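Below is the file final.txt, which contains compact mmCIF, N, CA and C atoms.
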# COMPACT_ATOMS: atom_id res chain seq x y z
N MET A 5 35.08 -48.48 -15.52
CA MET A 5 33.99 -48.58 -14.57
C MET A 5 33.92 -47.33 -13.69
N ASN A 6 35.09 -46.84 -13.28
CA ASN A 6 35.14 -45.65 -12.43
C ASN A 6 34.60 -44.42 -13.15
N LYS A 7 34.80 -44.37 -14.48
CA LYS A 7 34.30 -43.24 -15.25
C LYS A 7 32.78 -43.17 -15.17
N TYR A 8 32.13 -44.30 -15.29
CA TYR A 8 30.66 -44.35 -15.28
C TYR A 8 30.10 -43.95 -13.91
N ILE A 9 30.74 -44.41 -12.88
CA ILE A 9 30.30 -44.05 -11.53
C ILE A 9 30.50 -42.56 -11.29
N LEU A 10 31.63 -42.03 -11.75
CA LEU A 10 31.91 -40.61 -11.60
C LEU A 10 30.90 -39.78 -12.40
N LEU A 11 30.58 -40.18 -13.62
CA LEU A 11 29.57 -39.47 -14.42
C LEU A 11 28.19 -39.53 -13.77
N LEU A 12 27.84 -40.67 -13.21
CA LEU A 12 26.56 -40.82 -12.53
C LEU A 12 26.48 -39.90 -11.32
N LEU A 13 27.51 -39.86 -10.51
CA LEU A 13 27.53 -38.98 -9.34
C LEU A 13 27.53 -37.51 -9.74
N LEU A 14 28.24 -37.17 -10.79
CA LEU A 14 28.28 -35.80 -11.26
C LEU A 14 26.91 -35.36 -11.79
N SER A 15 26.23 -36.22 -12.52
CA SER A 15 24.90 -35.86 -13.03
C SER A 15 23.88 -35.73 -11.89
N ILE A 16 23.98 -36.55 -10.87
CA ILE A 16 23.09 -36.43 -9.72
C ILE A 16 23.36 -35.12 -8.99
N LEU A 17 24.60 -34.74 -8.86
CA LEU A 17 24.97 -33.49 -8.20
C LEU A 17 24.46 -32.28 -8.97
N ILE A 18 24.59 -32.30 -10.29
CA ILE A 18 24.13 -31.18 -11.11
C ILE A 18 22.61 -31.05 -11.04
N ASN A 19 21.90 -32.15 -11.10
CA ASN A 19 20.44 -32.11 -11.04
C ASN A 19 19.94 -31.68 -9.67
N SER A 20 20.67 -31.98 -8.62
CA SER A 20 20.22 -31.57 -7.29
C SER A 20 20.43 -30.08 -7.05
N CYS A 21 21.33 -29.44 -7.79
CA CYS A 21 21.58 -28.01 -7.65
C CYS A 21 20.64 -27.16 -8.49
N LYS A 22 19.85 -27.77 -9.32
CA LYS A 22 18.95 -27.05 -10.21
C LYS A 22 17.85 -26.36 -9.41
N SER A 23 17.56 -25.11 -9.76
CA SER A 23 16.52 -24.35 -9.08
C SER A 23 15.14 -24.87 -9.46
N GLU A 24 14.26 -24.89 -8.50
CA GLU A 24 12.88 -25.30 -8.74
C GLU A 24 12.05 -24.06 -9.09
N SER A 25 11.05 -24.25 -9.93
CA SER A 25 10.19 -23.15 -10.32
C SER A 25 9.26 -22.77 -9.17
N ILE A 26 8.98 -21.48 -9.05
CA ILE A 26 8.04 -21.01 -8.04
C ILE A 26 6.60 -21.21 -8.50
N LEU A 27 6.42 -21.54 -9.77
CA LEU A 27 5.08 -21.76 -10.33
C LEU A 27 4.80 -23.26 -10.30
N ASN A 28 4.27 -23.74 -9.20
CA ASN A 28 4.05 -25.17 -9.04
C ASN A 28 2.59 -25.57 -9.13
N GLY A 29 1.71 -24.64 -9.39
CA GLY A 29 0.29 -24.96 -9.53
C GLY A 29 -0.04 -25.32 -10.97
N ARG A 30 -1.29 -25.50 -11.23
CA ARG A 30 -1.71 -25.85 -12.58
C ARG A 30 -2.02 -24.62 -13.42
N LYS A 31 -2.83 -23.69 -12.89
CA LYS A 31 -3.21 -22.50 -13.65
C LYS A 31 -2.99 -21.25 -12.80
N TYR A 32 -2.55 -20.19 -13.49
CA TYR A 32 -2.35 -18.90 -12.86
C TYR A 32 -3.02 -17.84 -13.73
N GLN A 33 -3.47 -16.75 -13.09
CA GLN A 33 -4.13 -15.67 -13.81
C GLN A 33 -3.61 -14.34 -13.30
N THR A 34 -3.45 -13.39 -14.20
CA THR A 34 -3.03 -12.05 -13.79
C THR A 34 -4.23 -11.30 -13.25
N ASP A 35 -4.01 -10.51 -12.21
CA ASP A 35 -5.08 -9.66 -11.70
C ASP A 35 -4.96 -8.31 -12.39
N SER A 36 -5.94 -7.95 -13.14
CA SER A 36 -5.86 -6.72 -13.89
C SER A 36 -7.21 -6.04 -13.91
N ILE A 37 -7.20 -4.74 -13.72
CA ILE A 37 -8.44 -3.98 -13.72
C ILE A 37 -8.69 -3.35 -15.08
N ASN A 38 -7.70 -2.63 -15.60
CA ASN A 38 -7.86 -1.93 -16.87
C ASN A 38 -7.03 -2.55 -17.99
N GLU A 39 -6.49 -3.70 -17.78
CA GLU A 39 -5.54 -4.32 -18.70
C GLU A 39 -6.09 -5.67 -19.17
N ASN A 40 -5.44 -6.26 -20.15
CA ASN A 40 -5.80 -7.60 -20.59
C ASN A 40 -5.54 -8.60 -19.47
N ILE A 41 -6.34 -9.67 -19.43
CA ILE A 41 -6.18 -10.70 -18.40
C ILE A 41 -5.56 -11.94 -19.06
N TYR A 42 -4.43 -12.37 -18.54
CA TYR A 42 -3.72 -13.55 -19.04
C TYR A 42 -3.97 -14.71 -18.09
N THR A 43 -4.19 -15.90 -18.65
CA THR A 43 -4.31 -17.13 -17.89
C THR A 43 -3.26 -18.10 -18.42
N PHE A 44 -2.41 -18.62 -17.52
CA PHE A 44 -1.33 -19.52 -17.89
C PHE A 44 -1.62 -20.92 -17.35
N ASP A 45 -1.61 -21.91 -18.24
CA ASP A 45 -1.75 -23.32 -17.85
C ASP A 45 -0.35 -23.92 -17.83
N MET A 46 0.18 -24.15 -16.63
CA MET A 46 1.56 -24.60 -16.47
C MET A 46 1.78 -26.04 -16.91
N LYS A 47 0.72 -26.82 -16.96
CA LYS A 47 0.86 -28.22 -17.35
C LYS A 47 1.00 -28.36 -18.87
N SER A 48 0.17 -27.66 -19.62
CA SER A 48 0.21 -27.78 -21.09
C SER A 48 1.01 -26.66 -21.75
N HIS A 49 1.47 -25.69 -20.98
CA HIS A 49 2.22 -24.53 -21.47
C HIS A 49 1.43 -23.75 -22.53
N ASN A 50 0.14 -23.59 -22.28
CA ASN A 50 -0.73 -22.76 -23.11
C ASN A 50 -1.16 -21.55 -22.30
N TYR A 51 -1.38 -20.44 -22.99
CA TYR A 51 -1.92 -19.26 -22.33
C TYR A 51 -3.09 -18.73 -23.13
N SER A 52 -3.95 -18.01 -22.45
CA SER A 52 -5.04 -17.30 -23.12
C SER A 52 -5.04 -15.87 -22.62
N LYS A 53 -5.41 -14.97 -23.52
CA LYS A 53 -5.41 -13.55 -23.21
C LYS A 53 -6.80 -13.01 -23.53
N LYS A 54 -7.49 -12.52 -22.48
CA LYS A 54 -8.80 -11.92 -22.67
C LYS A 54 -8.60 -10.42 -22.69
N MET A 55 -8.91 -9.81 -23.82
CA MET A 55 -8.70 -8.38 -23.98
C MET A 55 -9.89 -7.60 -23.44
N VAL A 56 -9.67 -6.33 -23.18
CA VAL A 56 -10.71 -5.46 -22.66
C VAL A 56 -11.87 -5.38 -23.65
N SER A 57 -11.57 -5.46 -24.95
CA SER A 57 -12.61 -5.39 -25.97
C SER A 57 -13.45 -6.66 -26.04
N GLY A 58 -13.02 -7.73 -25.36
CA GLY A 58 -13.79 -8.96 -25.32
C GLY A 58 -13.20 -10.08 -26.16
N THR A 59 -12.29 -9.79 -27.07
CA THR A 59 -11.69 -10.84 -27.89
C THR A 59 -10.69 -11.64 -27.06
N ILE A 60 -10.46 -12.87 -27.49
CA ILE A 60 -9.57 -13.77 -26.77
C ILE A 60 -8.44 -14.21 -27.70
N GLY A 61 -7.22 -14.14 -27.20
CA GLY A 61 -6.05 -14.62 -27.92
C GLY A 61 -5.49 -15.83 -27.19
N LYS A 62 -4.91 -16.74 -27.95
CA LYS A 62 -4.35 -17.95 -27.36
C LYS A 62 -2.97 -18.21 -27.94
N GLY A 63 -2.16 -18.97 -27.22
CA GLY A 63 -0.84 -19.32 -27.69
C GLY A 63 -0.11 -20.20 -26.72
N LYS A 64 1.15 -20.44 -27.01
CA LYS A 64 2.01 -21.25 -26.16
C LYS A 64 3.06 -20.35 -25.51
N PHE A 65 3.68 -20.85 -24.45
CA PHE A 65 4.74 -20.11 -23.78
C PHE A 65 5.80 -21.07 -23.28
N LYS A 66 6.96 -20.51 -22.96
CA LYS A 66 8.05 -21.27 -22.36
C LYS A 66 8.41 -20.62 -21.03
N THR A 67 8.84 -21.42 -20.08
CA THR A 67 9.27 -20.89 -18.79
C THR A 67 10.78 -21.08 -18.66
N PHE A 68 11.41 -20.08 -18.04
CA PHE A 68 12.83 -20.12 -17.75
C PHE A 68 13.01 -19.80 -16.28
N VAL A 69 13.55 -20.76 -15.53
CA VAL A 69 13.76 -20.58 -14.09
C VAL A 69 15.12 -19.92 -13.91
N LEU A 70 15.10 -18.67 -13.45
CA LEU A 70 16.35 -17.93 -13.22
C LEU A 70 16.91 -18.19 -11.84
N SER A 71 16.03 -18.28 -10.85
CA SER A 71 16.44 -18.59 -9.48
C SER A 71 15.22 -19.14 -8.75
N SER A 72 15.38 -19.41 -7.48
CA SER A 72 14.24 -19.94 -6.72
C SER A 72 13.18 -18.88 -6.51
N GLU A 73 13.52 -17.60 -6.67
CA GLU A 73 12.54 -16.52 -6.50
C GLU A 73 12.10 -15.87 -7.80
N LYS A 74 12.75 -16.18 -8.93
CA LYS A 74 12.46 -15.47 -10.17
C LYS A 74 12.33 -16.45 -11.34
N THR A 75 11.22 -16.31 -12.09
CA THR A 75 10.95 -17.14 -13.26
C THR A 75 10.47 -16.23 -14.38
N LEU A 76 10.86 -16.56 -15.61
CA LEU A 76 10.39 -15.83 -16.79
C LEU A 76 9.40 -16.69 -17.56
N ILE A 77 8.31 -16.06 -18.01
CA ILE A 77 7.37 -16.69 -18.93
C ILE A 77 7.46 -15.91 -20.23
N VAL A 78 7.84 -16.59 -21.32
CA VAL A 78 7.99 -15.95 -22.62
C VAL A 78 6.91 -16.49 -23.54
N CYS A 79 6.00 -15.62 -23.96
CA CYS A 79 4.90 -16.00 -24.84
C CYS A 79 5.38 -16.04 -26.29
N ASN A 80 4.69 -16.79 -27.14
CA ASN A 80 5.10 -16.93 -28.53
C ASN A 80 4.39 -15.94 -29.45
N ASP A 81 4.10 -14.75 -28.98
CA ASP A 81 3.43 -13.75 -29.80
C ASP A 81 4.43 -12.70 -30.27
N ILE A 82 4.02 -11.89 -31.22
CA ILE A 82 4.83 -10.78 -31.70
C ILE A 82 3.99 -9.52 -31.56
N ASN A 83 4.56 -8.49 -30.96
CA ASN A 83 3.84 -7.25 -30.72
C ASN A 83 4.49 -6.11 -31.49
N TRP A 84 3.65 -5.23 -31.97
CA TRP A 84 4.12 -4.04 -32.68
C TRP A 84 3.69 -2.81 -31.89
N GLY A 85 4.59 -1.86 -31.75
CA GLY A 85 4.30 -0.62 -31.03
C GLY A 85 4.36 0.57 -31.96
N LYS A 86 3.47 1.50 -31.77
CA LYS A 86 3.43 2.70 -32.60
C LYS A 86 4.57 3.64 -32.21
N THR A 87 5.26 4.17 -33.19
CA THR A 87 6.33 5.12 -32.95
C THR A 87 6.07 6.38 -33.76
N SER A 88 6.64 7.44 -33.32
CA SER A 88 6.59 8.70 -34.06
C SER A 88 7.80 9.51 -33.66
N GLY A 89 8.13 10.47 -34.48
CA GLY A 89 9.28 11.30 -34.17
C GLY A 89 9.45 12.40 -35.19
N ASN A 90 10.50 13.15 -35.01
CA ASN A 90 10.80 14.26 -35.89
C ASN A 90 11.88 13.88 -36.88
N ILE A 91 11.75 14.34 -38.13
CA ILE A 91 12.80 14.20 -39.13
C ILE A 91 13.59 15.49 -39.08
N LYS A 92 14.88 15.37 -38.82
CA LYS A 92 15.71 16.56 -38.65
C LYS A 92 16.73 16.67 -39.77
N GLU A 93 17.02 17.89 -40.14
CA GLU A 93 18.04 18.19 -41.13
C GLU A 93 18.97 19.25 -40.55
N MET A 94 20.17 19.30 -41.07
CA MET A 94 21.10 20.34 -40.62
C MET A 94 21.00 21.54 -41.54
N ASN A 95 20.98 22.70 -40.93
CA ASN A 95 20.98 23.92 -41.75
C ASN A 95 22.42 24.34 -42.02
N LYS A 96 22.60 25.50 -42.63
CA LYS A 96 23.93 25.95 -43.04
C LYS A 96 24.88 26.17 -41.86
N THR A 97 24.34 26.51 -40.71
CA THR A 97 25.20 26.76 -39.54
C THR A 97 25.50 25.49 -38.76
N GLY A 98 24.91 24.36 -39.13
CA GLY A 98 25.18 23.09 -38.45
C GLY A 98 24.17 22.73 -37.39
N ASP A 99 23.17 23.57 -37.19
CA ASP A 99 22.10 23.26 -36.23
C ASP A 99 21.11 22.31 -36.88
N SER A 100 20.51 21.44 -36.07
CA SER A 100 19.49 20.56 -36.62
C SER A 100 18.13 21.24 -36.52
N VAL A 101 17.41 21.17 -37.61
CA VAL A 101 16.11 21.82 -37.74
C VAL A 101 15.10 20.75 -38.10
N VAL A 102 13.90 20.81 -37.50
CA VAL A 102 12.85 19.84 -37.79
C VAL A 102 12.33 20.09 -39.21
N ALA A 103 12.41 19.05 -40.04
CA ALA A 103 11.95 19.16 -41.42
C ALA A 103 10.60 18.47 -41.61
N GLY A 104 10.20 17.63 -40.67
CA GLY A 104 8.93 16.92 -40.79
C GLY A 104 8.77 15.94 -39.64
N VAL A 105 7.69 15.20 -39.68
CA VAL A 105 7.43 14.18 -38.67
C VAL A 105 7.17 12.85 -39.35
N PHE A 106 7.35 11.75 -38.61
CA PHE A 106 7.05 10.43 -39.16
C PHE A 106 6.25 9.63 -38.15
N ASP A 107 5.45 8.74 -38.66
CA ASP A 107 4.72 7.77 -37.85
C ASP A 107 5.02 6.40 -38.40
N GLY A 108 5.10 5.42 -37.53
CA GLY A 108 5.38 4.07 -37.97
C GLY A 108 5.18 3.09 -36.84
N TYR A 109 5.64 1.86 -37.07
CA TYR A 109 5.56 0.80 -36.08
C TYR A 109 6.91 0.14 -35.95
N LYS A 110 7.21 -0.33 -34.74
CA LYS A 110 8.43 -1.10 -34.54
C LYS A 110 8.09 -2.40 -33.84
N ASN A 111 8.91 -3.40 -34.08
CA ASN A 111 8.70 -4.73 -33.51
C ASN A 111 9.16 -4.72 -32.06
N LEU A 112 8.22 -4.94 -31.12
CA LEU A 112 8.55 -5.00 -29.70
C LEU A 112 9.02 -6.39 -29.30
N GLY A 113 8.69 -7.41 -30.09
CA GLY A 113 9.07 -8.77 -29.78
C GLY A 113 8.00 -9.49 -28.98
N SER A 114 8.35 -10.60 -28.41
CA SER A 114 7.43 -11.41 -27.63
C SER A 114 7.15 -10.79 -26.27
N THR A 115 5.99 -11.13 -25.70
CA THR A 115 5.62 -10.68 -24.37
C THR A 115 6.37 -11.51 -23.34
N ILE A 116 6.93 -10.85 -22.33
CA ILE A 116 7.64 -11.53 -21.25
C ILE A 116 7.00 -11.15 -19.92
N PHE A 117 6.76 -12.15 -19.10
CA PHE A 117 6.29 -11.92 -17.73
C PHE A 117 7.42 -12.35 -16.80
N GLU A 118 7.91 -11.41 -16.01
CA GLU A 118 8.94 -11.70 -15.01
C GLU A 118 8.22 -11.92 -13.69
N ILE A 119 8.18 -13.17 -13.23
CA ILE A 119 7.47 -13.55 -12.01
C ILE A 119 8.45 -13.56 -10.85
N THR A 120 8.10 -12.85 -9.78
CA THR A 120 8.94 -12.78 -8.59
C THR A 120 8.13 -13.23 -7.38
N SER A 121 8.74 -14.05 -6.54
CA SER A 121 8.09 -14.54 -5.32
C SER A 121 8.64 -13.78 -4.12
N LYS A 122 7.73 -13.10 -3.41
CA LYS A 122 8.10 -12.39 -2.18
C LYS A 122 7.12 -12.79 -1.10
N GLN A 123 7.59 -13.50 -0.11
CA GLN A 123 6.78 -13.94 1.03
C GLN A 123 5.51 -14.65 0.57
N LYS A 124 5.66 -15.63 -0.30
CA LYS A 124 4.58 -16.46 -0.84
C LYS A 124 3.58 -15.67 -1.69
N LYS A 125 3.94 -14.47 -2.11
CA LYS A 125 3.10 -13.67 -3.00
C LYS A 125 3.81 -13.59 -4.35
N LEU A 126 3.09 -13.95 -5.42
CA LEU A 126 3.67 -13.92 -6.75
C LEU A 126 3.31 -12.61 -7.44
N SER A 127 4.31 -11.82 -7.75
CA SER A 127 4.07 -10.58 -8.48
C SER A 127 4.71 -10.70 -9.85
N PHE A 128 4.14 -9.96 -10.83
CA PHE A 128 4.68 -10.03 -12.17
C PHE A 128 4.97 -8.63 -12.70
N ARG A 129 5.86 -8.61 -13.67
CA ARG A 129 6.19 -7.41 -14.44
C ARG A 129 6.12 -7.79 -15.90
N LYS A 130 5.26 -7.12 -16.65
CA LYS A 130 5.08 -7.44 -18.06
C LYS A 130 5.94 -6.50 -18.90
N THR A 131 6.69 -7.07 -19.82
CA THR A 131 7.56 -6.30 -20.69
C THR A 131 7.65 -7.01 -22.04
N TYR A 132 8.50 -6.53 -22.91
CA TYR A 132 8.70 -7.13 -24.23
C TYR A 132 10.17 -7.42 -24.45
N VAL A 133 10.47 -8.36 -25.35
CA VAL A 133 11.84 -8.80 -25.59
C VAL A 133 12.74 -7.64 -26.01
N ASN A 134 12.27 -6.77 -26.89
CA ASN A 134 13.10 -5.68 -27.39
C ASN A 134 13.05 -4.43 -26.52
N GLN A 135 12.33 -4.47 -25.42
CA GLN A 135 12.26 -3.34 -24.48
C GLN A 135 12.26 -3.87 -23.05
N LEU A 136 13.30 -4.60 -22.66
CA LEU A 136 13.34 -5.24 -21.36
C LEU A 136 13.40 -4.25 -20.20
N GLN A 137 13.95 -3.06 -20.41
CA GLN A 137 14.07 -2.10 -19.32
C GLN A 137 12.74 -1.42 -19.02
N GLN A 138 11.83 -1.37 -19.98
CA GLN A 138 10.56 -0.69 -19.79
C GLN A 138 9.51 -1.68 -19.32
N THR A 139 8.73 -1.27 -18.34
CA THR A 139 7.66 -2.11 -17.81
C THR A 139 6.33 -1.62 -18.34
N GLU A 140 5.57 -2.52 -18.97
CA GLU A 140 4.25 -2.13 -19.48
C GLU A 140 3.21 -2.16 -18.37
N SER A 141 3.23 -3.21 -17.56
CA SER A 141 2.30 -3.29 -16.44
C SER A 141 2.88 -4.18 -15.35
N GLU A 142 2.30 -4.05 -14.16
CA GLU A 142 2.71 -4.86 -13.01
C GLU A 142 1.46 -5.31 -12.28
N GLY A 143 1.58 -6.36 -11.51
CA GLY A 143 0.45 -6.84 -10.74
C GLY A 143 0.78 -8.10 -9.99
N THR A 144 -0.26 -8.81 -9.61
CA THR A 144 -0.13 -10.04 -8.83
C THR A 144 -0.61 -11.21 -9.67
N LEU A 145 0.07 -12.34 -9.55
CA LEU A 145 -0.32 -13.57 -10.22
C LEU A 145 -1.12 -14.40 -9.23
N ILE A 146 -2.32 -14.80 -9.62
CA ILE A 146 -3.24 -15.52 -8.73
C ILE A 146 -3.30 -16.98 -9.16
N LYS A 147 -3.17 -17.89 -8.20
CA LYS A 147 -3.28 -19.32 -8.47
C LYS A 147 -4.75 -19.68 -8.56
N LYS A 148 -5.15 -20.34 -9.65
CA LYS A 148 -6.54 -20.72 -9.85
C LYS A 148 -6.80 -22.13 -9.39
Structure encoded using structure tokens:
Amino acid sequence: MNKYILLLLLSILINSCKSESILNGRKYQTDSINENIYTFDMKSHNYSKKMVSGTIGKGKFKTFVLSSEKTLIVCNDINWGKTSGNIKEMNKTGDSVVAGVFDGYKNLGSTIFEITSKQKKLSFRKTYVNQLQQTESEGTLIKK
């Protein structure tokens, strides 16, 4: 009997320490002037992306609460980024010499929005799973 009471108290304690999400509204939208506009529906976990060209993309996302001030939104899309570079060869003296150039694409991974709350203002940083250190865009998240 004591085991069950102890487990019940322990589960209540663990749940009370859990961080709450800063995204408590129903819909949020990114403020963007020259960039795509994302709209997140927190109730159904669906997002829509309106591109500058006018086309609309849709999908699902997951939220991860890191702390009371920081939440991650991970979209279920896959992005490809254009890459280019030099093909180098070593000459007889051991120096590397450019032998040609290449163009290609690399998988950037899913889109991630890092949402931060500062004085009741929600700001975001957009990045990709395989390039977490690089920021593609930043802005404010607006509650709709």
I want to know what sits within 6 Å of segment 27-34 of chain A, based on only N, CA and C atoms, with residues of the same chain fewer than 3 positions away left out; could you give that as a PDB file with N, CA and C atoms, keeping the file's coordinate frame?
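Output file result-v6.pdb is given in full below:
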ATOM      1  N   ILE A  41      -6.340  -9.670 -19.430  1.00  0.00           N
ATOM      2  CA  ILE A  41      -6.180 -10.700 -18.400  1.00  0.00           C
ATOM      3  C   ILE A  41      -5.560 -11.940 -19.060  1.00  0.00           C
ATOM      4  N   TYR A  42      -4.430 -12.370 -18.540  1.00  0.00           N
ATOM      5  CA  TYR A  42      -3.720 -13.550 -19.040  1.00  0.00           C
ATOM      6  C   TYR A  42      -3.970 -14.710 -18.090  1.00  0.00           C
ATOM      7  N   THR A  43      -4.190 -15.900 -18.650  1.00  0.00           N
ATOM      8  CA  THR A  43      -4.310 -17.130 -17.890  1.00  0.00           C
ATOM      9  C   THR A  43      -3.260 -18.100 -18.420  1.00  0.00           C
ATOM     10  N   PHE A  44      -2.410 -18.620 -17.520  1.00  0.00           N
ATOM     11  CA  PHE A  44      -1.330 -19.520 -17.890  1.00  0.00           C
ATOM     12  C   PHE A  44      -1.620 -20.920 -17.350  1.00  0.00           C
ATOM     13  N   ASP A  45      -1.610 -21.910 -18.240  1.00  0.00           N
ATOM     14  CA  ASP A  45      -1.750 -23.320 -17.850  1.00  0.00           C
ATOM     15  C   ASP A  45      -0.350 -23.920 -17.830  1.00  0.00           C
ATOM     16  N   MET A  46       0.180 -24.150 -16.630  1.00  0.00           N
ATOM     17  CA  MET A  46       1.560 -24.600 -16.470  1.00  0.00           C
ATOM     18  C   MET A  46       1.780 -26.040 -16.910  1.00  0.00           C
ATOM     19  N   LYS A  47       0.720 -26.820 -16.960  1.00  0.00           N
ATOM     20  CA  LYS A  47       0.860 -28.220 -17.350  1.00  0.00           C
ATOM     21  C   LYS A  47       1.000 -28.360 -18.870  1.00  0.00           C
ATOM     22  N   THR A 144      -0.260  -8.810  -9.610  1.00  0.00           N
ATOM     23  CA  THR A 144      -0.130 -10.040  -8.830  1.00  0.00           C
ATOM     24  C   THR A 144      -0.610 -11.210  -9.670  1.00  0.00           C
ATOM     25  N   LEU A 145       0.070 -12.340  -9.550  1.00  0.00           N
ATOM     26  CA  LEU A 145      -0.320 -13.570 -10.220  1.00  0.00           C
ATOM     27  C   LEU A 145      -1.120 -14.400  -9.230  1.00  0.00           C
ATOM     28  N   ILE A 146      -2.320 -14.800  -9.620  1.00  0.00           N
ATOM     29  CA  ILE A 146      -3.240 -15.520  -8.730  1.00  0.00           C
ATOM     30  C   ILE A 146      -3.300 -16.980  -9.160  1.00  0.00           C
ATOM     31  N   LYS A 147      -3.170 -17.890  -8.200  1.00  0.00           N
ATOM     32  CA  LYS A 147      -3.280 -19.320  -8.470  1.00  0.00           C
ATOM     33  C   LYS A 147      -4.750 -19.680  -8.560  1.00  0.00           C
ATOM     34  N   LYS A 148      -5.150 -20.340  -9.650  1.00  0.00           N
ATOM     35  CA  LYS A 148      -6.540 -20.720  -9.850  1.00  0.00           C
ATOM     36  C   LYS A 148      -6.800 -22.130  -9.390  1.00  0.00           C
TER      37      LYS A 148
END
How big is the axis-aligned box around the listed atoms of segment 131-134 of chain A once 3 Å is added on each side, and where is its centre? Give both in Å to one decimal, as lines of an AutoDock Vina configuration file.
center_x = 9.9
center_y = -6.6
center_z = -23.6
size_x = 12.4
size_y = 10.4
size_z = 13.6
Which neighbours of segment 110-120 of chain A fall inside 8 Å, counting only N, CA and C atoms, when residues of the same chain fewer than 6 positions from it are skipped, and could you give them as a compact mmCIF listing (two decimals) with N, CA and C atoms, in the frame of the given file?
# COMPACT_ATOMS: atom_id res chain seq x y z
N ILE A 26 8.98 -21.48 -9.05
CA ILE A 26 8.04 -21.01 -8.04
C ILE A 26 6.60 -21.21 -8.50
N SER A 72 15.38 -19.41 -7.48
CA SER A 72 14.24 -19.94 -6.72
C SER A 72 13.18 -18.88 -6.51
N GLU A 73 13.52 -17.60 -6.67
CA GLU A 73 12.54 -16.52 -6.50
C GLU A 73 12.10 -15.87 -7.80
N LYS A 74 12.75 -16.18 -8.93
CA LYS A 74 12.46 -15.47 -10.17
C LYS A 74 12.33 -16.45 -11.34
N THR A 75 11.22 -16.31 -12.09
CA THR A 75 10.95 -17.14 -13.26
C THR A 75 10.47 -16.23 -14.38
N LEU A 76 10.86 -16.56 -15.61
CA LEU A 76 10.39 -15.83 -16.79
C LEU A 76 9.40 -16.69 -17.56
N ILE A 77 8.31 -16.06 -18.01
CA ILE A 77 7.37 -16.69 -18.93
C ILE A 77 7.46 -15.91 -20.23
N VAL A 78 7.84 -16.59 -21.32
CA VAL A 78 7.99 -15.95 -22.62
C VAL A 78 6.91 -16.49 -23.54
N CYS A 79 6.00 -15.62 -23.96
CA CYS A 79 4.90 -16.00 -24.84
C CYS A 79 5.38 -16.04 -26.29
N ASN A 80 4.69 -16.79 -27.14
CA ASN A 80 5.10 -16.93 -28.53
C ASN A 80 4.39 -15.94 -29.45
N ASP A 81 4.10 -14.75 -28.98
CA ASP A 81 3.43 -13.75 -29.80
C ASP A 81 4.43 -12.70 -30.27
N ILE A 82 4.02 -11.89 -31.22
CA ILE A 82 4.83 -10.78 -31.70
C ILE A 82 3.99 -9.52 -31.56
N ASN A 83 4.56 -8.49 -30.96
CA ASN A 83 3.84 -7.25 -30.72
C ASN A 83 4.49 -6.11 -31.49
N TRP A 84 3.65 -5.23 -31.97
CA TRP A 84 4.12 -4.04 -32.68
C TRP A 84 3.69 -2.81 -31.89
N GLY A 85 4.59 -1.86 -31.75
CA GLY A 85 4.30 -0.62 -31.03
C GLY A 85 4.36 0.57 -31.96
N LYS A 86 3.47 1.50 -31.77
CA LYS A 86 3.43 2.70 -32.60
C LYS A 86 4.57 3.64 -32.21
N THR A 87 5.26 4.17 -33.19
CA THR A 87 6.33 5.12 -32.95
C THR A 87 6.07 6.38 -33.76
N SER A 88 6.64 7.44 -33.32
CA SER A 88 6.59 8.70 -34.06
C SER A 88 7.80 9.51 -33.66
N LEU A 126 3.09 -13.95 -5.42
CA LEU A 126 3.67 -13.92 -6.75
C LEU A 126 3.31 -12.61 -7.44
N SER A 127 4.31 -11.82 -7.75
CA SER A 127 4.07 -10.58 -8.48
C SER A 127 4.71 -10.70 -9.85
N PHE A 128 4.14 -9.96 -10.83
CA PHE A 128 4.68 -10.03 -12.17
C PHE A 128 4.97 -8.63 -12.70
N ARG A 129 5.86 -8.61 -13.67
CA ARG A 129 6.19 -7.41 -14.44
C ARG A 129 6.12 -7.79 -15.90
N LYS A 130 5.26 -7.12 -16.65
CA LYS A 130 5.08 -7.44 -18.06
C LYS A 130 5.94 -6.50 -18.90
N THR A 131 6.69 -7.07 -19.82
CA THR A 131 7.56 -6.30 -20.69
C THR A 131 7.65 -7.01 -22.04
N TYR A 132 8.50 -6.53 -22.91
CA TYR A 132 8.70 -7.13 -24.23
C TYR A 132 10.17 -7.42 -24.45
N VAL A 133 10.47 -8.36 -25.35
CA VAL A 133 11.84 -8.80 -25.59
C VAL A 133 12.74 -7.64 -26.01
N ASN A 134 12.27 -6.77 -26.89
CA ASN A 134 13.10 -5.68 -27.39
C ASN A 134 13.05 -4.43 -26.52
N GLN A 135 12.33 -4.47 -25.42
CA GLN A 135 12.26 -3.34 -24.48
C GLN A 135 12.26 -3.87 -23.05
N LEU A 145 0.07 -12.34 -9.55
CA LEU A 145 -0.32 -13.57 -10.22
C LEU A 145 -1.12 -14.40 -9.23
- Message: Taking the DSSP secondary structure from the backbone, can you list the residues of segment 60-95 of chain A that are strand (DSSP E), as an NGL selection string?
- Response: :A and (60-69 or 74-79 or 83-94)
- Message: Just checking: using all atoms listed in the file, which residue out of A:Asn40, A:Ser121, A:Ser100, A:Gln138 ends up closest to Val56 of chain A?
- Response: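 Among the listed residues, A:Asn40 lies closest to Val56 of chain A.
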